[in-house]
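Comments concern the structure below.
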Amino acid sequence: MSYPSSLLVNDPTLLSLQTLFNLCSISHNIPSFITMTMEPNPTSDHILDWFEGSVSFFPFPPFLDEHPYNSSDIQEYQLWDQDISSQYQTDANTNSLNATNIATSTVPLEPCDSHSQPLSDLPKKRNATDESSLKPPQNHKHKKIKSRPMNTEADNGDAEGTTTARKSKKGAAKATGNNSNNKEGRWAEQLLNPCAVAITGGNLNRVQHLLYVLHELASPTGDANHRLAAHGLKALTQHLSSSPTSTSSGSITFASTEPRFFQKSLLKFYEVSPWFSFPNNIANASILQVLGEDTNSSRTLHILDIGVSHGMQWPTFLEALSRRPGGPPPLVRLTMVTASSTENDQNMDTPFSIGPPGDNFSSRLLGFAQSLNVNLQINKLDNCPLQTLNAQSVDTCPDEIFVVCAQFRLHHLNHNTPEERSEFLKVLRNMEPKGVILSDNNMECCCNCCGDFSTGFSRRVEYLWRFLDSTSSAFKGRESDERRVMEGEAAKALTNQREMNEGKGKWCERMKEAGFVGEIFGEDAIDGGRALLRKYDSNWEMKVEDDNTSVGLWWKGQPVSFCSLWKLDGNDQSST
């Protein structure tokens, strides 16, 4: 086999780097997930399947009817700056790679080093096309990895001022079982995180070995470990490449789906997982709580929606409005701040925020509201980045009940230089809302300013693990196109350069500094959240914290997200 002379090098440093890249490029070693194209065909499925037996959060189907080297040697990745898209190309029809233009180094590939886990101790790679013939890992049963029981005291989270929804004995047993928070059973992280550390430190031999092992084990099917290894391998390869589209084009995400299948996937996910349906439920109850505190029933209700629900949050809310004593408000204004073109830049879009082109859920929502005799008005702000949002663009009126519902979008704002988060909260404060519902991921920040690449990557991996592990339980381990699209969208967190989560405590500090004070959730919100959570896997927990001003969603004893209710601080004089 001959190669272009421009790809053959003699320098040993570049030769090792080239070997590393060739490892990520050799066609017979690359798992099928890199080239797999999963374009769903919604017409082949009966979309009416979810009409019956669905969870009650969406009761009205007509809504959808319509170190050998310096670290700088690898940090700069100068060799990777070559046009990688021309070195390997995806063939969508044959699910193979065209590797005829790839040079292979004469440096032998080391399958193991003295600091690495032997290959024989790791699970065997899953076959993406024949799950029935899969062999479970050694000494394992039912494709699960045995781990020691968790420390139940640490997982219960019974801190002062915290109440936890009661878990069944069955759920408690699950939480201490396989693939839980005990990281001994989470072998994918034990490969991905050390690889990120090796990349940060410039240890090329270590990187080479771990990428080799990941290639052997990664699979887009199987349990959460195999899937995490697959997504993590793609993210690491993209990090080492200057052409990110060459490694991410095979993923199926919201933006790459057909609109009707996209809505079907969302509906299915809401039915089997509380990841979004739970915070939406708490938020809707909070809006009703704020509305109920106003004595003037003739006022307009105006909701500023900064979220990722793509319309899925509002049918049950509209139904609740129609059943209120005295009926709904005379006018309900829903102002939706869609993910802007700035947020949709490569590696910058917030996971779950960008829907497919042509997804016109507004018309369906308006028709649904009309069937309930709710006077709904929708205004979509399509080209309004959060950094430029103001009272004029939102068109607020002093005589209306104005409520802000911000869910899983504000962590996209910068919190360093410039400090966009606190400034945005002050903008909201100056709009003088009657209530603010803030929901977001309850995890540590993974941006470059809060740690090096390996630190941030490990936090991204932790986030994705909880999503994949809970989604595996939600879908009962079954493979489906709906599951693939949700997991593919979540996996964007591994490469999103502005995925800057913060813990609940830090968000609370920001809200108080901006002139807000925490509001106690009413009984309807708390009881409704508990009732909803009982419909899902018993490993999910609800924790009411901070004197009933915050509700947390936890998976197997670890925080996932939080929802909090805020009102203006009457003693605050910081507004300008």
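Ordered as shown in the structure tokens, chains take letters A, B, and onward, while each chain numbers its residues from 1 and ligands are numbered from 1 in the order shown.
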Where in range 250-308 of chain A does DSSP assign helix (DSSP H, G or I), given as a PyMOL selection string? chain A and resi 254-256+259-272+274-292
Determine, counting only C-alpha atoms, which protein, DNA and RNA residues have an atom within 8 Å of an atom of Cys195 in chain A; residues of the same chain fewer than 5 positions away are not included. Present the result as JSON, numbers by chain. {"A": [206, 207, 210, 211]}
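CA of His412 in chain A sits 16.1 Å away from CA of Asn383 in chain A.
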Between CA of Ala339 in chain A and CA of Arg510 in chain A, what is the spacing in Å? 22.7 Å
Residues within 12 Å of Glu400 in chain A, only C-alpha atoms, excluding chain neighbours under 6 positions, as a PDB file with C-alpha atoms, in the first residue's frame:
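Output contents, as saved in part_38.pdb:
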```pdb
ATOM      1  CA  LEU A 291     -51.107  33.004  39.269  1.00  0.00           C
ATOM      2  CA  ASP A 294     -53.016  37.373  42.240  1.00  0.00           C
ATOM      3  CA  ASN A 296     -57.260  40.201  39.835  1.00  0.00           C
ATOM      4  CA  SER A 297     -58.580  37.445  37.578  1.00  0.00           C
ATOM      5  CA  SER A 298     -58.846  39.803  34.611  1.00  0.00           C
ATOM      6  CA  ARG A 299     -55.131  40.248  34.161  1.00  0.00           C
ATOM      7  CA  THR A 300     -53.120  38.725  31.336  1.00  0.00           C
ATOM      8  CA  LEU A 301     -50.702  35.905  32.157  1.00  0.00           C
ATOM      9  CA  HIS A 302     -47.380  36.379  30.351  1.00  0.00           C
ATOM     10  CA  ILE A 303     -44.799  33.567  30.484  1.00  0.00           C
ATOM     11  CA  PRO A 329     -57.018  34.158  32.308  1.00  0.00           C
ATOM     12  CA  PRO A 330     -58.548  36.206  29.497  1.00  0.00           C
ATOM     13  CA  LEU A 331     -55.231  36.032  27.618  1.00  0.00           C
ATOM     14  CA  VAL A 332     -52.191  33.803  27.995  1.00  0.00           C
ATOM     15  CA  ARG A 333     -49.057  35.153  26.330  1.00  0.00           C
ATOM     16  CA  MET A 431     -38.298  43.260  34.152  1.00  0.00           C
ATOM     17  CA  GLU A 432     -39.981  42.929  37.579  1.00  0.00           C
ATOM     18  CA  PRO A 433     -41.459  39.449  37.166  1.00  0.00           C
ATOM     19  CA  LYS A 434     -43.970  38.123  39.671  1.00  0.00           C
TER      20      LYS A 434
END
```
